[in-house]
>>> print(open('start-v8.tsv').read())   # TSV, C-alpha atoms
chain	number	residue	atom	x	y	z
A	1	MET	CA	-35.79	-28.68	-6.70
A	2	SER	CA	-34.59	-26.34	-4.02
A	3	CYS	CA	-31.72	-27.19	-1.70
A	4	ASN	CA	-31.89	-26.42	2.03
A	5	GLU	CA	-28.15	-26.58	2.45
A	6	THR	CA	-27.07	-23.49	0.53
A	7	LEU	CA	-26.35	-21.51	3.71
A	8	ARG	CA	-24.25	-24.38	5.05
A	9	THR	CA	-22.37	-24.44	1.74
A	10	GLN	CA	-21.74	-20.73	2.07
A	11	SER	CA	-20.52	-21.21	5.68
A	12	TRP	CA	-18.13	-23.85	4.40
A	13	LEU	CA	-16.78	-21.44	1.76
A	14	ASP	CA	-16.38	-18.75	4.41
A	15	GLY	CA	-14.32	-21.10	6.58
A	16	GLU	CA	-16.95	-21.17	9.32
A	17	LEU	CA	-17.33	-24.96	9.67
A	18	ASP	CA	-15.33	-27.34	11.81
A	19	ASP	CA	-13.51	-30.20	10.08
A	20	ALA	CA	-16.27	-32.79	10.33
A	21	ALA	CA	-18.96	-30.42	9.08
A	22	ALA	CA	-16.64	-29.20	6.32
A	23	VAL	CA	-16.17	-32.75	5.03
A	24	GLU	CA	-19.95	-33.23	4.97
A	25	ALA	CA	-20.52	-29.93	3.21
A	26	GLU	CA	-17.88	-30.71	0.62
A	27	ARG	CA	-19.46	-34.10	-0.08
A	28	HIS	CA	-22.86	-32.54	-0.45
A	29	VAL	CA	-21.60	-29.99	-2.98
A	30	GLU	CA	-20.27	-32.79	-5.18
A	31	THR	CA	-23.80	-33.95	-5.88
A	32	CYS	CA	-25.87	-30.76	-5.60
A	33	ALA	CA	-26.12	-28.54	-8.65
A	34	GLN	CA	-27.62	-25.66	-6.70
A	35	CYS	CA	-24.76	-25.65	-4.19
A	36	GLN	CA	-22.25	-25.89	-7.03
A	37	ALA	CA	-23.79	-22.69	-8.36
A	38	VAL	CA	-23.39	-21.12	-4.88
A	39	VAL	CA	-19.71	-22.06	-4.94
A	40	ALA	CA	-19.19	-20.66	-8.43
A	41	ASP	CA	-21.04	-17.41	-7.63
A	42	ALA	CA	-19.14	-16.88	-4.39
A	43	ALA	CA	-15.84	-17.34	-6.25
A	44	LEU	CA	-16.92	-14.79	-8.86
A	45	VAL	CA	-17.98	-12.32	-6.19
A	46	GLY	CA	-14.68	-12.85	-4.36
A	47	ASP	CA	-12.75	-12.16	-7.56
A	48	ALA	CA	-14.89	-9.12	-8.30
A	49	MET	CA	-14.38	-7.70	-4.82
A	50	ARG	CA	-10.64	-8.14	-5.08
A	51	GLY	CA	-10.90	-5.93	-8.14
A	52	MET	CA	-12.65	-3.17	-6.18
A	53	THR	CA	-11.03	-0.35	-4.27
A	54	ARG	CA	-10.09	-0.99	-0.66
A	55	HIS	CA	-9.89	2.59	0.50
A	56	ARG	CA	-6.94	3.67	2.62
A	57	ALA	CA	-7.06	6.37	5.27
A	58	PRO	CA	-5.60	9.51	3.65
A	59	ALA	CA	-2.54	11.14	5.25
A	60	HIS	CA	-4.47	14.34	6.07
A	61	LEU	CA	-6.93	12.30	8.11
A	62	ARG	CA	-4.17	10.58	10.09
A	63	THR	CA	-2.70	13.98	10.87
A	64	ARG	CA	-6.10	15.37	11.88
A	65	ILE	CA	-6.73	12.43	14.20
A	66	GLY	CA	-3.27	12.74	15.76
A	67	ALA	CA	-4.00	16.39	16.52
A	68	ALA	CA	-7.45	15.56	17.91
A	69	LEU	CA	-5.91	12.92	20.19
A	70	ASP	CA	-3.40	15.53	21.41
A	71	ARG	CA	-6.30	17.67	22.59
A	72	GLU	CA	-7.70	14.67	24.46
A	73	ARG	CA	-4.99	14.79	27.12
A	74	ARG	CA	-6.32	14.71	30.64
A	75	PRO	CA	-6.30	18.27	31.96
A	76	MET	CA	-3.26	19.18	34.07
A	77	ARG	CA	-3.54	21.41	37.12
A	78	GLY	CA	-2.24	24.85	38.05
A	79	PHE	CA	1.33	25.90	37.50
A	80	TRP	CA	2.46	22.75	35.78
A	81	ALA	CA	-0.32	23.00	33.22
A	82	GLY	CA	1.01	26.39	32.02
A	83	ALA	CA	4.66	25.37	32.24
A	84	ALA	CA	4.22	22.12	30.39
A	85	SER	CA	1.62	23.07	27.81
A	86	GLY	CA	3.90	24.28	25.00
A	87	GLY	CA	6.57	21.64	25.38
A	88	GLY	CA	3.99	18.98	26.09
A	89	ILE	CA	2.21	19.49	22.83
A	90	THR	CA	5.47	19.47	20.87
A	91	ALA	CA	6.54	16.26	22.59
A	92	LEU	CA	3.18	14.66	21.85
A	93	ALA	CA	3.37	15.67	18.21
A	94	ALA	CA	6.91	14.33	17.97
A	95	GLY	CA	5.80	11.07	19.55
A	96	PHE	CA	3.00	10.72	17.05
A	97	ALA	CA	5.34	11.38	14.12
A	98	LEU	CA	7.87	8.91	15.50
A	99	PHE	CA	5.29	6.22	15.68
A	100	LEU	CA	4.49	6.64	12.00
A	101	PHE	CA	8.13	6.24	10.98
A	102	LEU	CA	9.00	3.15	13.00
A	103	PRO	CA	10.24	0.12	10.99
A	104	PRO	CA	7.45	-2.05	9.59
A	105	THR	CA	5.44	-3.88	12.22
A	106	ALA	CA	4.18	-7.40	11.75
A	107	ALA	CA	0.77	-6.04	10.72
A	108	THR	CA	2.19	-3.71	8.06
A	109	LEU	CA	4.35	-6.50	6.65
A	110	THR	CA	1.31	-8.74	6.16
A	111	GLN	CA	-0.55	-5.81	4.65
A	112	SER	CA	2.37	-5.04	2.41
A	113	VAL	CA	2.82	-8.51	0.89
A	114	VAL	CA	-0.93	-9.00	0.48
A	115	ASP	CA	-1.17	-5.56	-1.15
A	116	ALA	CA	1.72	-6.38	-3.48
A	117	HIS	CA	0.10	-9.69	-4.43
A	118	GLY	CA	-3.29	-8.06	-4.94
A	119	ARG	CA	-1.80	-5.16	-6.92
A	120	ALA	CA	-0.05	-7.60	-9.24
A	121	LEU	CA	-3.26	-9.58	-9.76
A	122	THR	CA	-5.46	-6.54	-10.38
A	123	THR	CA	-3.07	-4.82	-12.76
A	124	GLY	CA	-2.26	-8.07	-14.53
A	125	LYS	CA	1.46	-7.36	-13.99
A	126	THR	CA	2.11	-10.54	-12.12
A	127	ILE	CA	5.02	-11.68	-14.24
A	128	MET	CA	7.87	-9.63	-15.63
A	129	VAL	CA	9.92	-12.58	-16.79
A	130	ALA	CA	7.87	-15.57	-17.93
A	131	SER	CA	9.71	-18.82	-17.66
A	132	SER	CA	9.39	-22.23	-16.08
A	133	SER	CA	13.15	-22.54	-15.80
A	134	HIS	CA	15.01	-21.51	-12.67
A	135	HIS	CA	18.01	-20.95	-14.96
A	136	THR	CA	16.11	-17.96	-16.39
A	137	VAL	CA	14.17	-16.67	-13.38
A	138	LYS	CA	16.97	-16.72	-10.83
A	139	PRO	CA	19.47	-14.61	-12.82
A	140	TRP	CA	16.69	-12.22	-13.89
A	141	LEU	CA	15.84	-11.58	-10.24
A	142	ALA	CA	19.50	-11.21	-9.32
A	143	ALA	CA	19.93	-8.63	-12.10
A	144	HIS	CA	16.73	-6.66	-11.43
A	145	VAL	CA	16.33	-6.81	-7.66
A	146	ALA	CA	19.88	-7.65	-6.59
A	147	ILE	CA	18.49	-10.54	-4.55
A	148	SER	CA	19.24	-14.11	-5.47
A	149	PRO	CA	16.90	-16.45	-3.64
A	150	PRO	CA	16.78	-20.16	-4.39
A	151	VAL	CA	14.31	-20.76	-7.26
A	152	THR	CA	12.98	-24.26	-7.97
A	153	ASP	CA	10.32	-25.49	-10.39
A	154	PHE	CA	7.83	-27.60	-8.40
A	155	ALA	CA	5.88	-28.77	-11.48
A	156	ASN	CA	6.17	-32.41	-10.43
A	157	GLU	CA	4.58	-31.58	-7.10
A	158	GLY	CA	1.74	-29.66	-8.77
A	159	PHE	CA	3.13	-26.11	-8.46
A	160	PRO	CA	4.75	-25.16	-11.77
A	161	LEU	CA	7.08	-22.16	-11.75
A	162	VAL	CA	5.66	-19.59	-14.19
A	163	GLY	CA	8.00	-16.63	-13.80
A	164	GLY	CA	9.26	-13.82	-11.63
A	165	ARG	CA	8.87	-10.12	-10.98
A	166	ALA	CA	10.46	-7.24	-9.09
A	167	ASP	CA	8.21	-5.83	-6.37
A	168	GLU	CA	8.28	-3.95	-3.09
A	169	VAL	CA	7.60	-5.10	0.49
A	170	ALA	CA	7.25	-2.41	3.16
A	171	GLY	CA	9.53	-0.06	1.25
A	172	SER	CA	12.19	-2.64	0.46
A	173	ARG	CA	13.00	-4.14	-2.96
A	174	ALA	CA	11.69	-7.68	-3.15
A	175	ALA	CA	12.16	-10.60	-5.54
A	176	VAL	CA	9.04	-12.61	-6.33
A	177	ALA	CA	9.02	-16.10	-7.80
A	178	VAL	CA	5.57	-16.78	-9.25
A	179	TYR	CA	3.96	-20.23	-9.23
A	180	ALA	CA	0.64	-21.52	-10.54
A	181	ARG	CA	-1.85	-23.87	-8.96
A	182	GLY	CA	-4.75	-24.38	-11.37
A	183	ARG	CA	-6.15	-20.90	-12.01
A	184	HIS	CA	-4.63	-19.59	-8.79
A	185	GLN	CA	-1.34	-17.85	-8.35
A	186	ILE	CA	1.22	-18.22	-5.60
A	187	ASP	CA	3.78	-15.50	-4.92
A	188	LEU	CA	6.99	-16.37	-3.10
A	189	PHE	CA	8.51	-13.09	-1.87
A	190	THR	CA	12.12	-12.62	-0.77
A	191	TRP	CA	13.72	-9.46	0.62
A	192	PRO	CA	16.78	-8.62	2.70
A	193	ASP	CA	16.24	-9.21	6.42
A	194	ARG	CA	16.32	-5.98	8.41
A	195	GLY	CA	15.61	-7.54	11.77
A	196	ALA	CA	11.87	-6.86	11.58
A	197	LYS	CA	9.66	-9.15	13.62
A	198	LEU	CA	7.79	-11.35	11.14
A	199	PRO	CA	4.00	-11.73	11.29
A	200	GLN	CA	2.20	-14.93	12.19
A	201	ASP	CA	0.41	-16.97	9.55
A	202	GLY	CA	-2.88	-15.43	8.67
A	203	MET	CA	-5.69	-14.77	6.27
A	204	THR	CA	-6.11	-11.22	4.99
A	205	ARG	CA	-8.81	-10.25	2.52
A	206	GLY	CA	-9.00	-13.82	1.35
A	207	PHE	CA	-5.26	-14.32	0.93
A	208	ARG	CA	-3.25	-16.65	3.09
A	209	SER	CA	0.20	-15.52	4.08
A	210	THR	CA	3.12	-17.02	5.93
A	211	PHE	CA	6.58	-15.68	6.73
A	212	TRP	CA	9.97	-17.03	7.69
A	213	LYS	CA	13.63	-16.06	7.87
A	214	GLN	CA	16.39	-18.07	6.27
A	215	GLY	CA	19.97	-16.84	6.15
A	216	ASP	CA	19.96	-13.10	5.58
A	217	LEU	CA	16.64	-13.10	3.72
A	218	ASP	CA	13.00	-12.83	4.82
A	219	TYR	CA	10.48	-14.97	2.92
A	220	ALA	CA	6.73	-14.75	2.50
A	221	VAL	CA	4.22	-16.85	0.59
A	222	VAL	CA	0.89	-15.28	-0.40
A	223	SER	CA	-1.95	-16.99	-2.25
A	224	ASP	CA	-5.66	-17.67	-2.23
A	225	ILE	CA	-5.30	-21.43	-2.67
A	226	ASP	CA	-6.84	-23.80	-0.12
A	227	ALA	CA	-5.16	-24.48	3.23
A	228	ALA	CA	-3.82	-27.94	2.39
A	229	SER	CA	-2.20	-26.89	-0.90
A	230	PHE	CA	-0.84	-23.78	0.75
A	231	ALA	CA	0.82	-25.84	3.50
A	232	LYS	CA	2.24	-28.25	0.93
A	233	PHE	CA	3.73	-25.41	-1.11
A	234	VAL	CA	5.25	-23.75	1.97
A	235	THR	CA	6.91	-27.02	2.96
A	236	LEU	CA	8.45	-27.32	-0.51
A	237	ALA	CA	9.57	-23.68	-0.56
A	238	ARG	CA	11.16	-23.87	2.87
A	239	ALA	CA	13.11	-27.00	1.97
A	240	GLN	CA	14.81	-25.33	-1.04
A	241	ARG	CA	18.55	-24.98	-0.96
A	242	GLU	CA	20.90	-22.89	-3.05
B	1	MET	CA	3.38	10.67	25.07
B	2	ASP	CA	1.67	8.88	27.91
B	3	GLU	CA	1.45	5.12	28.14
B	4	ARG	CA	-2.27	4.95	27.48
B	5	ARG	CA	-1.95	6.95	24.26
B	6	ARG	CA	1.01	4.84	23.16
B	7	ARG	CA	-0.90	1.64	23.75
B	8	PHE	CA	-3.94	2.97	21.91
B	9	GLU	CA	-1.88	3.98	18.90
B	10	ALA	CA	0.00	0.70	18.78
B	11	LEU	CA	-3.26	-1.27	18.81
B	12	ALA	CA	-5.65	0.98	16.90
B	13	LEU	CA	-3.64	2.80	14.23
B	14	PRO	CA	-2.88	-0.36	12.22
B	15	HIS	CA	-6.65	-0.66	11.68
B	16	MET	CA	-7.18	2.90	10.53
B	17	ASP	CA	-7.35	1.78	6.88
B	18	ALA	CA	-10.00	-0.81	7.75
B	19	ALA	CA	-11.97	1.81	9.67
B	20	TYR	CA	-11.72	4.24	6.78
B	21	ASN	CA	-12.61	1.60	4.18
B	22	LEU	CA	-15.78	0.66	6.06
B	23	ALA	CA	-16.73	4.31	6.62
B	24	ARG	CA	-16.11	5.07	2.98
B	25	TRP	CA	-18.22	2.19	1.66
B	26	LEU	CA	-21.03	2.94	4.10
B	27	SER	CA	-21.13	6.68	3.44
B	28	ARG	CA	-19.93	6.60	-0.17
B	29	SER	CA	-18.42	10.01	0.45
B	30	PRO	CA	-14.77	10.90	1.22
B	31	SER	CA	-15.63	13.89	3.40
B	32	ASP	CA	-18.24	12.01	5.45
B	33	ALA	CA	-15.80	9.10	5.83
B	34	ASP	CA	-13.17	11.50	7.24
B	35	ASP	CA	-15.62	12.82	9.83
B	36	ILE	CA	-16.89	9.38	10.79
B	37	VAL	CA	-13.41	7.92	11.27
B	38	GLN	CA	-12.19	10.89	13.29
B	39	ASP	CA	-15.28	10.71	15.49
B	40	ALA	CA	-14.81	6.94	15.86
B	41	MET	CA	-11.12	7.16	16.79
B	42	LEU	CA	-11.86	9.76	19.45
B	43	ARG	CA	-14.71	7.72	20.90
B	44	ALA	CA	-12.49	4.64	20.84
B	45	PHE	CA	-9.71	6.52	22.64
B	46	ARG	CA	-12.11	7.75	25.32
B	47	ALA	CA	-13.57	4.26	25.77
B	48	PHE	CA	-10.18	2.58	25.57
B	49	ASP	CA	-9.92	1.91	29.31
B	50	GLY	CA	-13.02	-0.22	28.90
B	51	PHE	CA	-11.42	-2.29	26.13
B	52	ARG	CA	-10.47	-5.58	27.75
B	53	GLY	CA	-8.43	-7.19	25.04
B	54	GLY	CA	-10.02	-9.32	22.36
B	55	ASP	CA	-10.30	-8.33	18.75
B	56	ILE	CA	-9.50	-4.64	18.48
B	57	LYS	CA	-10.31	-4.52	14.77
B	58	ALA	CA	-13.88	-5.74	15.31
B	59	TRP	CA	-14.23	-3.38	18.27
B	60	LEU	CA	-13.10	-0.38	16.18
B	61	LEU	CA	-15.33	-1.31	13.26
B	62	THR	CA	-18.29	-1.54	15.66
B	63	ILE	CA	-17.59	2.03	16.76
B	64	VAL	CA	-17.20	3.19	13.15
B	65	ARG	CA	-20.54	1.68	12.27
B	66	ASN	CA	-22.24	3.25	15.28
B	67	CYS	CA	-20.77	6.63	14.38
B	68	TRP	CA	-22.08	6.25	10.86
B	69	ARG	CA	-25.55	5.20	11.99
B	70	SER	CA	-25.84	8.07	14.43
B	71	SER	CA	-24.41	10.70	12.06
B	72	GLY	CA	-26.64	13.12	10.22
B	73	ALA	CA	-24.92	11.97	7.07
B	74	ALA	CA	-26.49	8.52	7.35
B	75	GLU	CA	-29.96	10.06	7.33
B	76	ARG	CA	-29.11	12.45	4.52
B	77	ARG	CA	-27.72	9.73	2.30
B	78	ARG	CA	-30.16	6.95	3.02
B	79	GLY	CA	-31.83	5.86	-0.16
B	80	HIS	CA	-29.72	8.24	-2.13
B	81	THR	CA	-28.06	6.45	-4.98
B	82	GLU	CA	-25.56	8.92	-6.33
B	83	LEU	CA	-22.09	7.54	-6.51
B	84	ASP	CA	-19.16	8.52	-4.43
B	85	GLU	CA	-17.72	11.41	-6.41
B	86	ASP	CA	-14.24	9.97	-6.06
B	87	LEU	CA	-14.98	6.38	-6.94
B	88	ALA	CA	-14.37	7.05	-10.58
B	89	SER	CA	-11.40	9.37	-10.41
B	90	GLU	CA	-9.28	7.50	-7.91
B	91	ALA	CA	-10.21	4.09	-9.17
B	92	GLY	CA	-6.96	3.31	-10.91
B	93	GLY	CA	-3.44	4.58	-10.47
B	94	PRO	CA	-1.73	6.02	-13.52
B	95	GLU	CA	-0.01	2.68	-14.10
B	96	ASP	CA	-3.33	0.89	-14.51
B	97	ALA	CA	-4.21	0.03	-18.05
B	98	ALA	CA	-7.29	1.97	-19.12
B	99	ASP	CA	-9.42	-1.16	-19.25
B	100	THR	CA	-8.32	-2.26	-15.78
B	101	ALA	CA	-9.30	1.14	-14.42
B	102	SER	CA	-12.66	1.10	-16.10
B	103	ARG	CA	-13.33	-2.46	-14.94
B	104	ARG	CA	-12.51	-1.37	-11.40
B	105	ARG	CA	-14.86	1.58	-11.77
B	106	ARG	CA	-17.72	-0.62	-12.92
B	107	LEU	CA	-17.11	-3.12	-10.09
B	108	ASN	CA	-16.96	-0.31	-7.51
B	109	ALA	CA	-20.22	1.09	-8.84
B	110	ALA	CA	-21.94	-2.29	-8.57
B	111	LEU	CA	-21.06	-2.56	-4.88
B	112	ALA	CA	-21.84	1.10	-4.16
B	113	LEU	CA	-25.37	0.64	-5.49
B	114	LEU	CA	-26.24	-2.38	-3.31
B	115	PRO	CA	-28.58	-1.73	-0.36
B	116	GLU	CA	-26.63	-0.67	2.72
B	117	ASP	CA	-27.13	-3.88	4.77
B	118	PHE	CA	-25.84	-5.99	1.88
B	119	ARG	CA	-22.96	-3.66	1.10
B	120	GLU	CA	-21.93	-3.64	4.75
B	121	ALA	CA	-22.00	-7.45	5.03
B	122	LEU	CA	-19.90	-7.89	1.89
B	123	VAL	CA	-17.33	-5.25	2.84
B	124	LEU	CA	-16.90	-6.78	6.30
B	125	ARG	CA	-16.66	-10.34	5.01
B	126	GLU	CA	-14.77	-9.98	1.73
B	127	MET	CA	-12.59	-6.93	2.27
B	128	GLU	CA	-12.05	-6.94	6.03
B	129	ASP	CA	-12.07	-10.71	6.47
B	130	MET	CA	-14.44	-10.61	9.45
B	131	SER	CA	-15.94	-13.90	10.68
B	132	TYR	CA	-19.72	-14.35	11.05
B	133	ARG	CA	-19.36	-13.89	14.81
B	134	GLU	CA	-17.49	-10.62	14.31
B	135	ILE	CA	-20.04	-9.37	11.78
B	136	THR	CA	-22.73	-10.20	14.33
B	137	GLU	CA	-20.93	-8.08	16.92
B	138	ILE	CA	-20.32	-5.19	14.55
B	139	THR	CA	-23.77	-4.98	13.02
B	140	GLY	CA	-25.84	-6.21	15.98
B	141	ALA	CA	-27.70	-8.57	13.63
B	142	PRO	CA	-28.30	-12.20	14.67
B	143	ILE	CA	-26.09	-14.80	12.99
B	144	GLY	CA	-28.90	-16.21	10.86
B	145	THR	CA	-29.54	-12.73	9.50
B	146	VAL	CA	-25.84	-12.23	8.79
B	147	MET	CA	-25.76	-15.48	6.82
B	148	SER	CA	-28.85	-14.78	4.77
B	149	ARG	CA	-27.76	-11.19	4.10
B	150	LEU	CA	-24.43	-12.43	2.82
B	151	ALA	CA	-26.12	-15.00	0.59
B	152	ARG	CA	-28.53	-12.43	-0.84
B	153	ALA	CA	-25.79	-9.84	-1.19
B	154	ARG	CA	-23.62	-12.26	-3.14
B	155	ALA	CA	-26.48	-13.33	-5.38
B	156	LEU	CA	-27.42	-9.71	-6.08
B	157	LEU	CA	-23.86	-8.57	-6.72
B	158	ARG	CA	-23.28	-11.60	-8.93
B	159	GLU	CA	-26.34	-10.66	-10.96
B	160	ARG	CA	-25.31	-7.01	-11.27
B	161	ILE	CA	-21.73	-7.59	-12.32
B	162	GLY	CA	-23.05	-10.00	-14.95
B	163	ASN	CA	-20.34	-10.58	-17.49
B	164	GLU	CA	-17.93	-8.07	-16.04
B	165	LEU	CA	-15.38	-10.79	-15.30
>>> encode(input="start-v8.tsv", output="structure tokens")
Amino acid sequence: MSCNETLRTQSWLDGELDDAAAVEAERHVETCAQCQAVVADAALVGDAMRGMTRHRAPAHLRTRIGAALDRERRPMRGFWAGAASGGGITALAAGFALFLFLPPTAATLTQSVVDAHGRALTTGKTIMVASSSHHTVKPWLAAHVAISPPVTDFANEGFPLVGGRADEVAGSRAAVAVYARGRHQIDLFTWPDRGAKLPQDGMTRGFRSTFWKQGDLDYAVVSDIDAASFAKFVTLARAQRE
Amino acid sequence: MDERRRRFEALALPHMDAAYNLARWLSRSPSDADDIVQDAMLRAFRAFDGFRGGDIKAWLLTIVRNCWRSSGAAERRRGHTELDEDLASEAGGPEDAADTASRRRRLNAALALLPEDFREALVLREMEDMSYREITEITGAPIGTVMSRLARARALLRERIGNEL
């Protein structure tokens, strides 16, 4: 028996279907062995690809491109071209360098938390203190990261606390409370607010992320769980109090 | 720095890693990837006045892909199955456990050895989080082709990584 719906199933997994079609696709998968295999294989491939190298542009290349862009200036005319050439190039170079050292933008923040989450998953160093008790995790974080965010076990709501770790977000020390949802992991990041503009909710390399400010801390949640569970967890996390 | 350059950098530079990652997986060579990305950023800068908003990441990746396809390197490397010389050495940082690093190496090799169309579809979808519509724009392939390529690419990669996970 061969199923004609495998491409629709794949589209569903890739988040390409509208709500009505997604419900249909999900129902179909419940009863179709071939589509269940598509789902399992896609999950395996997703896991495998998260374990592969996502190459980053090397610093020498960024420098080379900055210099090449400098040479792309529109030609200036006559006297002013000669007078301005030396200073102009210095100013352009300085401008380029400045840009690279600005505080983290929204895009780099998203990148940074997703990288931190991915790094933890791929190195297996997701948890430095394993405990389901906030009485253990909270003081550990306070001692190791000097940040003391609220930590709550949401086991009754389906998100058991499994531990914590010290990490880094865009160059700043960050506390991470780690939660489990089935085989998936949820990282709740906290770091001192430095006035950076926070990114919008998004999906990066298969990981959902959301950010908010509360008091003098910035928060982010990163995970690859489904949208509904993600939203539920974020609601719980945001409602925590000291 | 003039306003146009500033705007270009603000919009394009955040996607330099994505551009490089695609160039690197297409060419499977660090030096070719450098040349392709530099060429692409310059072309993008020159064409920037024609960029009318929309998704800058997809626009940049389209240019990267075109630069790769029109480069001599693409011709030279087509059908050539040697691995990226750096894939192995830079696979894991020093903090990686040896088995994590070697797992990463084996996974990288499995992707590097897929046919180019499949490799491209998977990198765009799984690593760069591009939608079908965006992959259609970047590769110029019709949506049905994008979907079947992805399905075949996943099946093939699944088969090749076997019990790696």
>>> residues_around(input="start-v8.tsv", residues="Leu124 (chain B)", least_positions_apart="3", cutoff="12 Å", atoms="all atoms listed in the file", output="VMD selection string")
(chain A and resid 49 54 204 to 206) or (chain B and resid 18 to 19 21 to 23 25 to 26 57 to 58 61 to 62 65 117 to 121 127 to 139 146 149 to 150)
>>> interface_residues(input="start-v8.tsv", of="chain A", to="chain B", cutoff="7 Å", atoms="all atoms listed in the file", output="ChimeraX atom specification")
/A:7,41-42,45-46,48-49,51-57,61,65,69,91-92,95,107,123,204-206
>>> residues_around(input="start-v8.tsv", residues="region 186-193 of chain A", least_positions_apart="4", cutoff="9 Å", atoms="all atoms listed in the file", output="PDB file with C-alpha atoms, in the frame of the given file")
ATOM      1  CA  VAL A 113       2.820  -8.510   0.890  1.00  0.00           C
ATOM      2  CA  HIS A 117       0.100  -9.690  -4.430  1.00  0.00           C
ATOM      3  CA  THR A 126       2.110 -10.540 -12.120  1.00  0.00           C
ATOM      4  CA  ILE A 147      18.490 -10.540  -4.550  1.00  0.00           C
ATOM      5  CA  SER A 148      19.240 -14.110  -5.470  1.00  0.00           C
ATOM      6  CA  PRO A 149      16.900 -16.450  -3.640  1.00  0.00           C
ATOM      7  CA  PHE A 159       3.130 -26.110  -8.460  1.00  0.00           C
ATOM      8  CA  GLY A 164       9.260 -13.820 -11.630  1.00  0.00           C
ATOM      9  CA  ASP A 167       8.210  -5.830  -6.370  1.00  0.00           C
ATOM     10  CA  GLU A 168       8.280  -3.950  -3.090  1.00  0.00           C
ATOM     11  CA  VAL A 169       7.600  -5.100   0.490  1.00  0.00           C
ATOM     12  CA  SER A 172      12.190  -2.640   0.460  1.00  0.00           C
ATOM     13  CA  ARG A 173      13.000  -4.140  -2.960  1.00  0.00           C
ATOM     14  CA  ALA A 174      11.690  -7.680  -3.150  1.00  0.00           C
ATOM     15  CA  ALA A 175      12.160 -10.600  -5.540  1.00  0.00           C
ATOM     16  CA  VAL A 176       9.040 -12.610  -6.330  1.00  0.00           C
ATOM     17  CA  ALA A 177       9.020 -16.100  -7.800  1.00  0.00           C
ATOM     18  CA  VAL A 178       5.570 -16.780  -9.250  1.00  0.00           C
ATOM     19  CA  TYR A 179       3.960 -20.230  -9.230  1.00  0.00           C
ATOM     20  CA  ALA A 180       0.640 -21.520 -10.540  1.00  0.00           C
ATOM     21  CA  ARG A 181      -1.850 -23.870  -8.960  1.00  0.00           C
ATOM     22  CA  LYS A 213      13.630 -16.060   7.870  1.00  0.00           C
ATOM     23  CA  GLN A 214      16.390 -18.070   6.270  1.00  0.00           C
ATOM     24  CA  GLY A 215      19.970 -16.840   6.150  1.00  0.00           C
ATOM     25  CA  ASP A 216      19.960 -13.100   5.580  1.00  0.00           C
ATOM     26  CA  LEU A 217      16.640 -13.100   3.720  1.00  0.00           C
ATOM     27  CA  ASP A 218      13.000 -12.830   4.820  1.00  0.00           C
ATOM     28  CA  TYR A 219      10.480 -14.970   2.920  1.00  0.00           C
ATOM     29  CA  ALA A 220       6.730 -14.750   2.500  1.00  0.00           C
ATOM     30  CA  VAL A 221       4.220 -16.850   0.590  1.00  0.00           C
ATOM     31  CA  VAL A 222       0.890 -15.280  -0.400  1.00  0.00           C
ATOM     32  CA  SER A 223      -1.950 -16.990  -2.250  1.00  0.00           C
ATOM     33  CA  ASP A 224      -5.660 -17.670  -2.230  1.00  0.00           C
ATOM     34  CA  ILE A 225      -5.300 -21.430  -2.670  1.00  0.00           C
ATOM     35  CA  PHE A 230      -0.840 -23.780   0.750  1.00  0.00           C
ATOM     36  CA  PHE A 233       3.730 -25.410  -1.110  1.00  0.00           C
ATOM     37  CA  ALA A 237       9.570 -23.680  -0.560  1.00  0.00           C
TER      38      ALA A 237
END
>>> atom_distance(input="start-v8.tsv", atom1="CA of Asp49 (chain B)", atom2="CA of Trp68 (chain B)")
22.5 Å
>>> atom_distance(input="start-v8.tsv", atom1="CA of Asp201 (chain A)", atom2="CA of His134 (chain A)")
27.0 Å
>>> atom_distance(input="start-v8.tsv", atom1="CA of Val23 (chain A)", atom2="CA of Asp226 (chain A)")
13.9 Å
>>> closest_residue(input="start-v8.tsv", among="A:His184, A:Arg71, A:His135, A:Arg8", to="Cys35 (chain A)", atoms="only C-alpha atoms")
A:Arg8
>>> residues_near_point(input="start-v8.tsv", point="(11.6, -6.6, 9.8)", cutoff="8 Å", atoms="all atoms listed in the file", output="list of chain:residue names")
A:Pro103, A:Pro104, A:Thr105, A:Ala106, A:Leu109, A:Asp193, A:Arg194, A:Gly195, A:Ala196, A:Lys197, A:Leu198
>>> closest_residue(input="start-v8.tsv", among="A:Ala33, A:Ser133, A:Ala142, A:Val39", to="Gln10 (chain A)", atoms="all atoms listed in the file")
A:Val39
>>> closest_residue(input="start-v8.tsv", among="B:Gly54, B:Pro115, B:Gly72, B:Gly140", to="Asp32 (chain B)", atoms="all atoms listed in the file")
B:Gly72
>>> closest_residue(input="start-v8.tsv", among="A:Thr235, A:Thr108, A:Thr6, A:Ser131", to="Leu161 (chain A)", atoms="all atoms listed in the file")
A:Ser131
